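File shown: target.tsv. Contents: TSV, C-alpha atoms.
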```
chain	number	residue	atom	x	y	z
S	1	MET	CA	-15.05	-17.22	2.51
S	2	ALA	CA	-15.66	-14.86	-0.41
S	3	TYR	CA	-13.21	-11.95	-0.41
S	4	ILE	CA	-11.99	-9.09	-2.59
S	5	ASP	CA	-8.31	-8.32	-3.17
S	6	PRO	CA	-8.61	-4.63	-4.06
S	7	HIS	CA	-4.99	-4.06	-5.09
S	8	ILE	CA	-3.03	-6.67	-6.99
S	9	HIS	CA	-0.97	-6.52	-10.19
S	10	MET	CA	-2.09	-9.59	-12.06
S	11	VAL	CA	-0.18	-8.66	-15.22
S	12	SER	CA	2.87	-9.79	-13.22
S	13	ARG	CA	1.32	-13.02	-11.98
S	14	THR	CA	0.74	-16.40	-13.56
S	15	THR	CA	-2.64	-17.84	-14.44
S	16	ASP	CA	-1.97	-20.39	-11.73
S	17	ASP	CA	-2.16	-17.54	-9.22
S	18	TYR	CA	-5.69	-16.76	-10.42
S	19	ARG	CA	-6.56	-20.40	-9.78
S	20	ARG	CA	-5.11	-20.41	-6.29
S	21	MET	CA	-6.80	-17.12	-5.42
S	22	ALA	CA	-10.15	-18.45	-6.63
S	23	GLN	CA	-9.67	-21.59	-4.56
S	24	ALA	CA	-9.02	-19.39	-1.52
S	25	GLY	CA	-12.30	-17.53	-2.07
S	26	CYS	CA	-11.32	-14.49	-4.12
S	27	VAL	CA	-14.33	-13.25	-6.07
S	28	ALA	CA	-13.04	-9.90	-7.35
S	29	ILE	CA	-9.85	-7.94	-7.73
S	30	THR	CA	-8.98	-4.40	-8.71
S	31	GLU	CA	-5.69	-3.78	-10.49
S	32	PRO	CA	-4.08	-0.33	-10.45
S	33	ALA	CA	-1.70	0.78	-13.19
S	34	PHE	CA	1.86	0.71	-11.81
S	35	TRP	CA	5.57	0.68	-12.51
S	36	ALA	CA	6.61	-2.43	-14.43
S	37	GLY	CA	10.04	-2.64	-12.79
S	38	PHE	CA	11.58	-0.64	-15.62
S	39	ASP	CA	10.81	2.68	-17.30
S	40	ARG	CA	8.83	2.29	-20.50
S	41	SER	CA	10.51	3.82	-23.51
S	42	SER	CA	7.45	5.40	-25.09
S	43	PRO	CA	3.79	6.24	-24.46
S	44	ALA	CA	2.96	3.36	-26.80
S	45	GLY	CA	4.19	1.03	-24.09
S	46	PHE	CA	1.49	2.40	-21.82
S	47	TYR	CA	-1.13	2.12	-24.54
S	48	ASP	CA	-0.51	-1.61	-24.72
S	49	TYR	CA	-0.45	-1.85	-20.92
S	50	PHE	CA	-3.87	-0.16	-20.72
S	51	ARG	CA	-5.18	-2.62	-23.32
S	52	GLN	CA	-3.87	-5.45	-21.18
S	53	LEU	CA	-5.64	-4.06	-18.09
S	54	THR	CA	-8.96	-3.44	-19.82
S	55	ASP	CA	-9.16	-6.38	-22.19
S	56	VAL	CA	-6.73	-9.23	-21.50
S	57	GLU	CA	-6.80	-9.49	-17.71
S	58	PRO	CA	-10.63	-9.46	-17.34
S	59	LYS	CA	-10.78	-12.50	-19.62
S	60	ARG	CA	-7.99	-14.29	-17.76
S	61	ALA	CA	-9.69	-13.63	-14.42
S	62	ALA	CA	-13.11	-14.68	-15.70
S	63	GLN	CA	-11.80	-18.18	-16.38
S	64	TYR	CA	-11.66	-18.61	-12.61
S	65	GLY	CA	-14.86	-16.79	-11.73
S	66	ILE	CA	-13.00	-13.68	-10.56
S	67	ALA	CA	-14.35	-10.25	-11.53
S	68	HIS	CA	-11.52	-7.99	-12.72
S	69	TYR	CA	-11.55	-4.19	-12.39
S	70	CYS	CA	-8.75	-1.72	-12.92
S	71	TRP	CA	-7.44	1.81	-12.43
S	72	LEU	CA	-5.49	3.81	-15.00
S	73	CYS	CA	-2.75	6.42	-14.64
S	74	ILE	CA	0.92	7.09	-15.07
S	75	ASN	CA	2.60	5.94	-11.87
S	76	PRO	CA	4.79	8.36	-9.87
S	77	LYS	CA	8.05	6.54	-10.63
S	78	GLU	CA	7.66	7.43	-14.30
S	79	ALA	CA	6.27	10.92	-13.65
S	80	GLU	CA	9.53	12.81	-13.17
S	81	ASP	CA	9.49	13.84	-16.84
S	82	PRO	CA	6.27	15.93	-17.12
S	83	ALA	CA	6.29	16.01	-20.92
S	84	PHE	CA	6.44	12.22	-21.10
S	85	ALA	CA	3.84	11.87	-18.35
S	86	ARG	CA	1.43	14.18	-20.16
S	87	GLU	CA	1.75	12.10	-23.34
S	88	VAL	CA	0.68	9.07	-21.35
S	89	MET	CA	-2.15	10.97	-19.65
S	90	LYS	CA	-3.55	11.89	-23.06
S	91	LEU	CA	-4.16	8.17	-23.66
S	92	ILE	CA	-6.26	7.65	-20.54
S	93	PRO	CA	-9.62	9.19	-21.55
S	94	GLU	CA	-9.90	6.73	-24.46
S	95	PHE	CA	-9.91	3.88	-21.93
S	96	LEU	CA	-12.04	5.42	-19.18
S	97	ASP	CA	-15.28	4.19	-20.72
S	98	LYS	CA	-14.16	0.56	-20.74
S	99	PRO	CA	-16.53	-1.39	-18.47
S	100	ASN	CA	-13.94	-2.52	-15.92
S	101	VAL	CA	-12.26	0.87	-15.31
S	102	LEU	CA	-13.11	2.22	-11.86
S	103	GLY	CA	-11.01	5.36	-11.78
S	104	ILE	CA	-7.56	6.90	-11.65
S	105	GLY	CA	-4.77	5.06	-9.84
S	106	GLU	CA	-2.45	4.28	-8.40
S	107	ILE	CA	-1.41	7.91	-8.54
S	108	GLY	CA	0.71	9.58	-5.88
S	109	LEU	CA	4.30	10.37	-5.10
S	110	ASN	CA	7.51	8.36	-5.02
S	111	LYS	CA	10.39	10.69	-4.06
S	112	ASN	CA	8.08	13.62	-3.25
S	113	SER	CA	9.57	15.76	-6.00
S	114	ARG	CA	8.15	18.89	-7.59
S	115	ASN	CA	7.50	17.22	-10.92
S	116	GLU	CA	5.85	14.22	-9.32
S	117	LEU	CA	3.57	16.62	-7.44
S	118	ILE	CA	2.68	18.52	-10.63
S	119	ILE	CA	1.68	15.30	-12.40
S	120	LEU	CA	-0.20	14.11	-9.31
S	121	GLU	CA	-2.22	17.33	-9.32
S	122	GLU	CA	-2.98	16.98	-13.03
S	123	GLN	CA	-4.16	13.39	-12.56
S	124	ILE	CA	-6.34	14.43	-9.63
S	125	GLU	CA	-7.89	16.97	-11.99
S	126	LEU	CA	-8.45	14.22	-14.56
S	127	ALA	CA	-10.34	12.14	-11.99
S	128	LYS	CA	-12.33	15.19	-10.98
S	129	GLN	CA	-13.30	16.03	-14.56
S	130	HIS	CA	-14.52	12.48	-15.16
S	131	GLU	CA	-16.03	12.08	-11.66
S	132	ARG	CA	-14.00	8.95	-10.97
S	133	LEU	CA	-12.74	7.33	-7.79
S	134	ILE	CA	-9.05	7.72	-6.93
S	135	LEU	CA	-6.59	5.09	-5.68
S	136	VAL	CA	-3.42	6.57	-4.18
S	137	HIS	CA	0.02	4.99	-3.94
S	138	THR	CA	2.03	6.36	-1.03
S	139	PRO	CA	5.84	6.33	-1.11
S	140	HIS	CA	7.89	3.65	0.55
S	141	LEU	CA	10.09	3.76	3.62
S	142	GLU	CA	11.54	7.15	4.64
S	143	ASP	CA	9.45	9.00	2.05
S	144	LYS	CA	6.05	7.69	3.15
S	145	LEU	CA	5.17	10.10	5.96
S	146	LYS	CA	5.96	13.24	3.97
S	147	GLY	CA	4.48	11.90	0.74
S	148	THR	CA	1.24	10.82	2.37
S	149	ARG	CA	0.75	14.29	3.85
S	150	MET	CA	1.62	16.05	0.57
S	151	THR	CA	-0.81	13.83	-1.34
S	152	MET	CA	-3.67	14.39	1.09
S	153	ASP	CA	-3.05	18.15	0.93
S	154	ALA	CA	-3.16	18.07	-2.88
S	155	LEU	CA	-6.43	16.14	-2.85
S	156	ILE	CA	-8.08	18.47	-0.34
S	157	ASN	CA	-6.78	21.56	-2.18
S	158	ALA	CA	-8.36	20.21	-5.37
S	159	GLY	CA	-11.73	19.93	-3.66
S	160	ILE	CA	-11.88	16.14	-3.84
S	161	ASP	CA	-14.27	14.37	-1.45
S	162	PRO	CA	-11.92	12.25	0.73
S	163	GLY	CA	-14.60	9.58	0.96
S	164	ARG	CA	-13.97	8.86	-2.74
S	165	VAL	CA	-10.21	8.34	-2.27
S	166	LEU	CA	-8.37	5.27	-1.01
S	167	ILE	CA	-4.89	6.03	0.36
S	168	ASP	CA	-2.92	2.82	0.06
S	169	HIS	CA	0.13	1.35	1.79
S	170	VAL	CA	-0.65	2.96	5.16
S	171	GLU	CA	1.44	1.91	8.13
S	172	GLU	CA	1.43	2.70	11.84
S	173	HIS	CA	2.74	6.26	11.35
S	174	THR	CA	0.25	7.29	8.64
S	175	VAL	CA	-3.00	5.42	9.26
S	176	ALA	CA	-4.43	7.73	11.94
S	177	GLU	CA	-3.95	10.89	9.89
S	178	VAL	CA	-5.44	9.28	6.77
S	179	LEU	CA	-8.56	8.18	8.64
S	180	ASP	CA	-8.86	11.40	10.63
S	181	ARG	CA	-8.91	13.42	7.40
S	182	GLY	CA	-11.80	11.33	6.07
S	183	PHE	CA	-9.97	9.18	3.51
S	184	TRP	CA	-10.17	5.41	3.13
S	185	ALA	CA	-7.02	3.51	4.10
S	186	GLY	CA	-5.44	0.44	2.51
S	187	MET	CA	-2.90	-1.83	4.15
S	188	THR	CA	-0.55	-3.70	1.81
S	189	LEU	CA	0.62	-7.08	3.04
S	190	TYR	CA	4.15	-7.88	1.97
S	191	PRO	CA	6.54	-10.58	3.11
S	192	ASP	CA	9.43	-8.12	3.59
S	193	SER	CA	9.09	-4.39	3.11
S	194	LYS	CA	5.53	-3.44	4.06
S	195	CYS	CA	2.89	-4.53	6.57
S	196	THR	CA	2.89	-8.13	7.68
S	197	PRO	CA	-0.48	-9.79	8.34
S	198	GLN	CA	0.30	-9.54	12.07
S	199	ARG	CA	0.90	-5.78	11.92
S	200	ALA	CA	-2.21	-5.26	9.79
S	201	VAL	CA	-4.35	-6.94	12.43
S	202	ASP	CA	-2.60	-4.87	15.12
S	203	ILE	CA	-3.56	-1.72	13.19
S	204	ILE	CA	-7.19	-2.83	12.92
S	205	GLU	CA	-7.22	-3.50	16.66
S	206	CYS	CA	-5.81	-0.04	17.39
S	207	TYR	CA	-7.58	2.10	14.79
S	208	GLY	CA	-10.82	0.24	14.16
S	209	ASN	CA	-12.41	-1.41	11.16
S	210	GLU	CA	-14.12	1.52	9.46
S	211	ARG	CA	-12.90	2.80	6.06
S	212	ILE	CA	-10.01	0.35	5.94
S	213	TRP	CA	-9.12	-2.69	3.85
S	214	ILE	CA	-6.23	-5.08	3.23
S	215	ASN	CA	-4.65	-6.06	-0.08
S	216	SER	CA	-1.75	-8.11	-1.39
S	217	ALA	CA	-0.42	-5.72	-4.06
S	218	GLY	CA	1.10	-8.89	-5.50
S	219	ASP	CA	3.44	-7.92	-8.32
S	220	TRP	CA	6.75	-8.90	-9.97
S	221	GLY	CA	8.75	-8.51	-6.74
S	222	PRO	CA	8.74	-10.58	-3.55
S	223	SER	CA	5.02	-10.64	-2.79
S	224	ASP	CA	2.26	-13.10	-2.07
S	225	PRO	CA	-1.06	-13.16	-3.96
S	226	LEU	CA	-2.55	-15.16	-1.07
S	227	SER	CA	-1.56	-12.71	1.64
S	228	VAL	CA	-5.16	-11.52	2.10
S	229	PRO	CA	-6.52	-14.95	3.10
S	230	LYS	CA	-3.36	-15.44	5.19
S	231	CYS	CA	-4.28	-12.27	7.07
S	232	HIS	CA	-7.75	-13.73	7.64
S	233	VAL	CA	-6.06	-16.71	9.28
S	234	GLU	CA	-4.16	-14.31	11.53
S	235	MET	CA	-7.42	-12.62	12.58
S	236	ARG	CA	-9.03	-15.95	13.43
S	237	ARG	CA	-5.87	-17.13	15.20
S	238	ARG	CA	-6.30	-14.23	17.61
S	239	GLY	CA	-9.95	-15.05	18.20
S	240	HIS	CA	-11.53	-12.37	16.05
S	241	ASN	CA	-14.87	-13.43	14.67
S	242	GLN	CA	-15.88	-14.03	11.08
S	243	LYS	CA	-17.84	-10.77	11.07
S	244	LEU	CA	-14.62	-8.76	11.35
S	245	VAL	CA	-12.98	-10.75	8.54
S	246	GLU	CA	-15.95	-10.11	6.27
S	247	LYS	CA	-16.06	-6.44	7.24
S	248	ILE	CA	-12.43	-5.88	6.23
S	249	SER	CA	-12.31	-7.98	3.07
S	250	LEU	CA	-15.83	-7.84	1.68
S	251	GLU	CA	-18.10	-5.17	3.18
S	252	ASN	CA	-15.53	-2.36	3.21
S	253	PRO	CA	-14.26	-2.95	-0.34
S	254	LEU	CA	-17.88	-3.18	-1.53
S	255	ALA	CA	-18.71	0.11	0.20
S	256	PHE	CA	-15.79	2.02	-1.31
S	257	LEU	CA	-15.72	0.45	-4.77
S	258	GLY	CA	-19.53	0.45	-4.96
S	259	GLN	CA	-19.35	4.24	-5.25
S	260	SER	CA	-18.49	3.51	-8.88
S	261	ASP	CA	-21.49	2.47	-10.96
S	262	ARG	CA	-19.12	0.11	-12.79
S	263	PHE	CA	-18.44	-2.09	-9.78
S	264	PHE	CA	-20.73	-4.92	-8.82
S	265	LEU	CA	-20.54	-8.52	-7.81
S	266	PRO	CA	-23.31	-10.68	-9.30
S	267	GLU	CA	-24.19	-12.24	-5.94
S	268	HIS	CA	-24.26	-8.82	-4.25
S	269	SER	CA	-26.14	-6.81	-6.89
V	1	MET	CA	-8.67	4.51	22.20
V	2	PRO	CA	-8.59	1.09	20.53
V	3	GLN	CA	-11.93	0.30	18.92
V	4	GLN	CA	-11.26	-3.42	18.73
V	5	SER	CA	-8.99	-4.92	21.34
V	6	CYS	CA	-6.87	-7.99	20.85
V	7	PRO	CA	-8.96	-10.94	22.06
V	8	LEU	CA	-5.86	-12.82	23.26
V	9	THR	CA	-4.52	-12.73	26.81
V	10	SER	CA	-0.98	-11.47	27.24
V	11	GLN	CA	0.13	-15.03	28.05
V	12	GLN	CA	-1.43	-16.27	24.82
V	13	VAL	CA	0.41	-13.53	22.91
V	14	VAL	CA	3.68	-14.79	24.37
V	15	ASP	CA	2.85	-18.42	23.67
V	16	ILE	CA	1.89	-17.75	20.05
V	17	TYR	CA	4.47	-15.17	19.00
V	18	PHE	CA	7.56	-15.55	21.19
V	19	MET	CA	9.56	-17.99	19.06
V	20	GLU	CA	8.99	-15.99	15.89
V	21	HIS	CA	10.20	-12.78	17.48
V	22	ARG	CA	13.08	-14.42	19.32
V	23	ALA	CA	14.33	-15.47	15.88
V	24	LYS	CA	13.87	-11.96	14.45
V	25	LEU	CA	15.81	-10.42	17.31
V	26	LEU	CA	18.63	-12.92	16.81
V	27	ASP	CA	18.69	-11.96	13.13
V	28	VAL	CA	19.33	-8.34	14.10
V	29	ALA	CA	22.09	-9.37	16.49
V	30	ALA	CA	23.72	-11.57	13.86
V	31	PHE	CA	23.46	-8.79	11.27
V	32	LEU	CA	25.32	-6.37	13.58
V	33	ASP	CA	27.95	-9.05	14.32
V	34	ARG	CA	28.39	-9.70	10.59
V	35	LEU	CA	28.76	-6.00	9.96
V	36	GLU	CA	31.58	-5.71	12.50
V	37	ARG	CA	33.34	-8.80	11.15
V	38	ALA	CA	33.25	-7.50	7.59
V	39	GLU	CA	36.20	-5.79	5.94
V	40	GLY	CA	36.30	-1.99	6.12
V	41	HIS	CA	34.53	0.45	8.41
V	42	GLU	CA	32.44	2.54	6.02
V	43	GLY	CA	29.39	0.32	6.50
V	44	LEU	CA	29.45	1.01	10.23
V	45	GLN	CA	28.86	4.70	9.50
V	46	ASP	CA	26.18	4.11	6.88
V	47	VAL	CA	23.09	6.20	7.65
V	48	ARG	CA	20.95	3.05	7.63
V	49	VAL	CA	23.08	1.42	10.32
V	50	ARG	CA	23.14	4.59	12.41
V	51	ALA	CA	19.36	4.86	12.08
V	52	LEU	CA	18.89	1.21	13.03
V	53	LYS	CA	21.02	1.63	16.15
V	54	LYS	CA	19.01	4.70	17.09
V	55	ALA	CA	15.78	2.75	16.64
V	56	ILE	CA	16.77	-0.24	18.76
V	57	PRO	CA	16.34	1.52	22.15
V	58	LEU	CA	12.72	2.23	21.21
V	59	LEU	CA	12.06	-1.49	21.66
V	60	LEU	CA	12.46	-1.02	25.40
V	61	ASP	CA	10.67	2.32	25.60
V	62	SER	CA	7.10	1.68	26.68
V	63	LYS	CA	5.95	5.29	26.92
V	64	CYS	CA	2.70	5.72	25.07
V	65	GLU	CA	-0.38	7.86	24.70
V	66	ASN	CA	-3.50	5.78	24.05
V	67	HIS	CA	-1.78	2.52	23.36
V	68	ALA	CA	1.69	1.07	22.89
V	69	ASN	CA	3.11	2.66	19.76
V	70	ARG	CA	6.70	1.51	19.35
V	71	ALA	CA	6.17	0.64	15.67
V	72	GLN	CA	4.74	4.09	14.97
V	73	ARG	CA	7.61	5.86	16.73
V	74	MET	CA	10.20	3.71	14.97
V	75	LEU	CA	8.71	4.52	11.57
V	76	GLU	CA	8.64	8.21	12.46
V	77	LEU	CA	12.30	8.06	13.49
V	78	LEU	CA	13.20	6.59	10.09
V	79	SER	CA	11.13	9.17	8.15
V	80	ASP	CA	11.89	12.38	6.29
V	81	HIS	CA	10.17	15.12	8.30
V	82	THR	CA	10.65	17.99	5.85
V	83	THR	CA	7.55	19.46	4.25
V	84	GLU	CA	8.64	21.05	0.97
V	85	PRO	CA	8.80	19.02	-2.29
V	86	THR	CA	12.28	17.84	-3.16
V	87	PRO	CA	13.67	19.72	-6.19
V	88	ALA	CA	14.00	16.59	-8.32
V	89	ALA	CA	13.89	12.82	-8.04
V	90	HIS	CA	17.45	11.64	-8.69
V	91	THR	CA	16.64	8.05	-7.83
V	92	GLN	CA	13.53	5.89	-7.87
V	93	SER	CA	14.35	3.87	-4.77
V	94	ALA	CA	14.28	4.54	-1.03
V	95	LEU	CA	16.93	3.74	1.59
V	96	GLY	CA	14.84	2.90	4.63
V	97	ALA	CA	16.21	5.81	6.66
V	98	ASP	CA	16.32	9.53	5.96
V	99	PRO	CA	19.77	10.38	4.51
V	100	ASN	CA	19.48	13.99	5.69
V	101	THR	CA	18.80	13.20	9.33
V	102	GLN	CA	21.70	13.17	11.79
V	103	TYR	CA	21.08	9.82	13.46
```

Go ahead and express the file in the form of C-alpha cells.
Amino acid sequence: MAYIDPHIHMVSRTTDDYRRMAQAGCVAITEPAFWAGFDRSSPAGFYDYFRQLTDVEPKRAAQYGIAHYCWLCINPKEAEDPAFAREVMKLIPEFLDKPNVLGIGEIGLNKNSRNELIILEEQIELAKQHERLILVHTPHLEDKLKGTRMTMDALINAGIDPGRVLIDHVEEHTVAEVLDRGFWAGMTLYPDSKCTPQRAVDIIECYGNERIWINSAGDWGPSDPLSVPKCHVEMRRRGHNQKLVEKISLENPLAFLGQSDRFFLPEHS
Amino acid sequence: MPQQSCPLTSQQVVDIYFMEHRAKLLDVAAFLDRLERAEGHEGLQDVRVRALKKAIPLLLDSKCENHANRAQRMLELLSDHTTEPTPAAHTQSALGADPNTQY
C-alpha cells in the first residue's frame, strides 16, 4: 500500500533505508530540521544542513521513487542561546523558496525554558510572515504535557490557524487537548521511548481518525524507519479495514500537507 | 466516546497480547529485584524509582471517564504540572519523571 512517512530524519539513515521504505510502499516523506545529536559549533553548520535537506536528500530519495519534502528551523535543543539561534534563523529565508520546503519545523520546546519560548515565538512569526505551514516538536517525557500546552498557547496568541499546524509526538495525555484546540496531531512510533504501534492504534480507537497521522521520526538513535508499515500491520491484526490504514497514512497526510502549494504526489495531482 | 472501537473481542485481546505483556511485567519485577540487590541505597530513593513505584498501582485502578485511561493517568503522574517557563535549560535531556514532584 502506498503511504507517506511525514516525519523522518533521512540525513541520519542509510540509502538502504530508502530502498526498504520504497519496497514497503513509501511514496513520500517530509523531513523536519532537528538536533543532530550534538550542538553545532556555528551557523555555518546549519547552512550546510539546510543544503543537505533541500538539495542532497531529494536526489537520494528520488532514486527510489520517493518524493522528499522538508521543514527548516533551529530546533529547540539548540535554541537556549538566542543570539546563536537568531543567526541561524537569518539563514532560513534564503532556503524557503526551494521547491521541497513546506514550512517551518520542527520548532517547539525542549526544557520549556524562557529562551526556548522566545525563539519559538520568533519562528512562529517567521512562518506567519511567509504564510508557511508549521510542524511542532513537543518535549519528551516529563516535559511534554507542559511544553505542549505552552506551544499551543504561543501559536494561538500569535493568531496562527491551528488547522495549519501539526503538533507532533502526542501521547495519551496530550492528544485530546491538541485535537480539541483544532490542531493536527502526529504520533511518533519508537521502539523504546515514545508510542509503540500498539499504543498508536489504541489512541486512534479512542480519539478517532480525523486530523491525526503516524510517523517513524527515524533518526540517529534507536528508531525504525519501517515503523509506519509495522503500525499498519497492527491495525490489520486487530481487524481494522484497509480504509482506516489509508486514512491515517495517506489521506490525512495529503490533507494537511496539501495545504502547501509545494506538496503533491504525481499520482494524486 | 471512542469513535472507532477495537474490533477484537476481549478474549482475542488476551490471546494476542498476553505473552508480550507478561514478559514486560516480569521485566519490571526483575528491574526492582536488581535494584535491591545492587550495592548502595541511593538508587532506591531516586525520583525515577519513586515515581515508578507510585505509577504501578495505577495498573490495577480501573476508574475511568469515557474509556479506560490508565496510560493517560500514568503519563500525567510522571509529568511536570507547573505552567510558567523554566528560567533556563541547564540540560538538554529529560528524566522520565518530574524531579520537583514529591512522589

Tell me as a ChimeraX atom specification which residues belonging to chain S come within 9 Å of chain V, counting all atoms listed in the file.
/S:77-78,80,110-117,139-147,149-150,171-174,201-202,204-209,238-240

So which residues touch segment 246-257 of chain S within 10 Å, counting all atoms listed in the file, skipping near sequence neighbours fewer than 4 positions away, as a PyMOL selection string?
chain S and resi 1-6+26-30+69+102-103+133+163-166+184+186+204+209-215+228-229+231-232+241-242+261-265+268

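Each of S:Asp153, S:Ile66, S:Glu106, S:Asp161 was checked against His137 of chain S using all atoms listed in the file; the smallest atom-to-atom distance is that of S:Glu106.
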
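Going from atom CA of Val101 of chain S to atom CA of Thr54 of chain S covers 7.1 Å.
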
What is the distance between atom CA of Phe34 of chain S and atom CA of Gly182 of chain S, in Å to one decimal?
24.9 Å
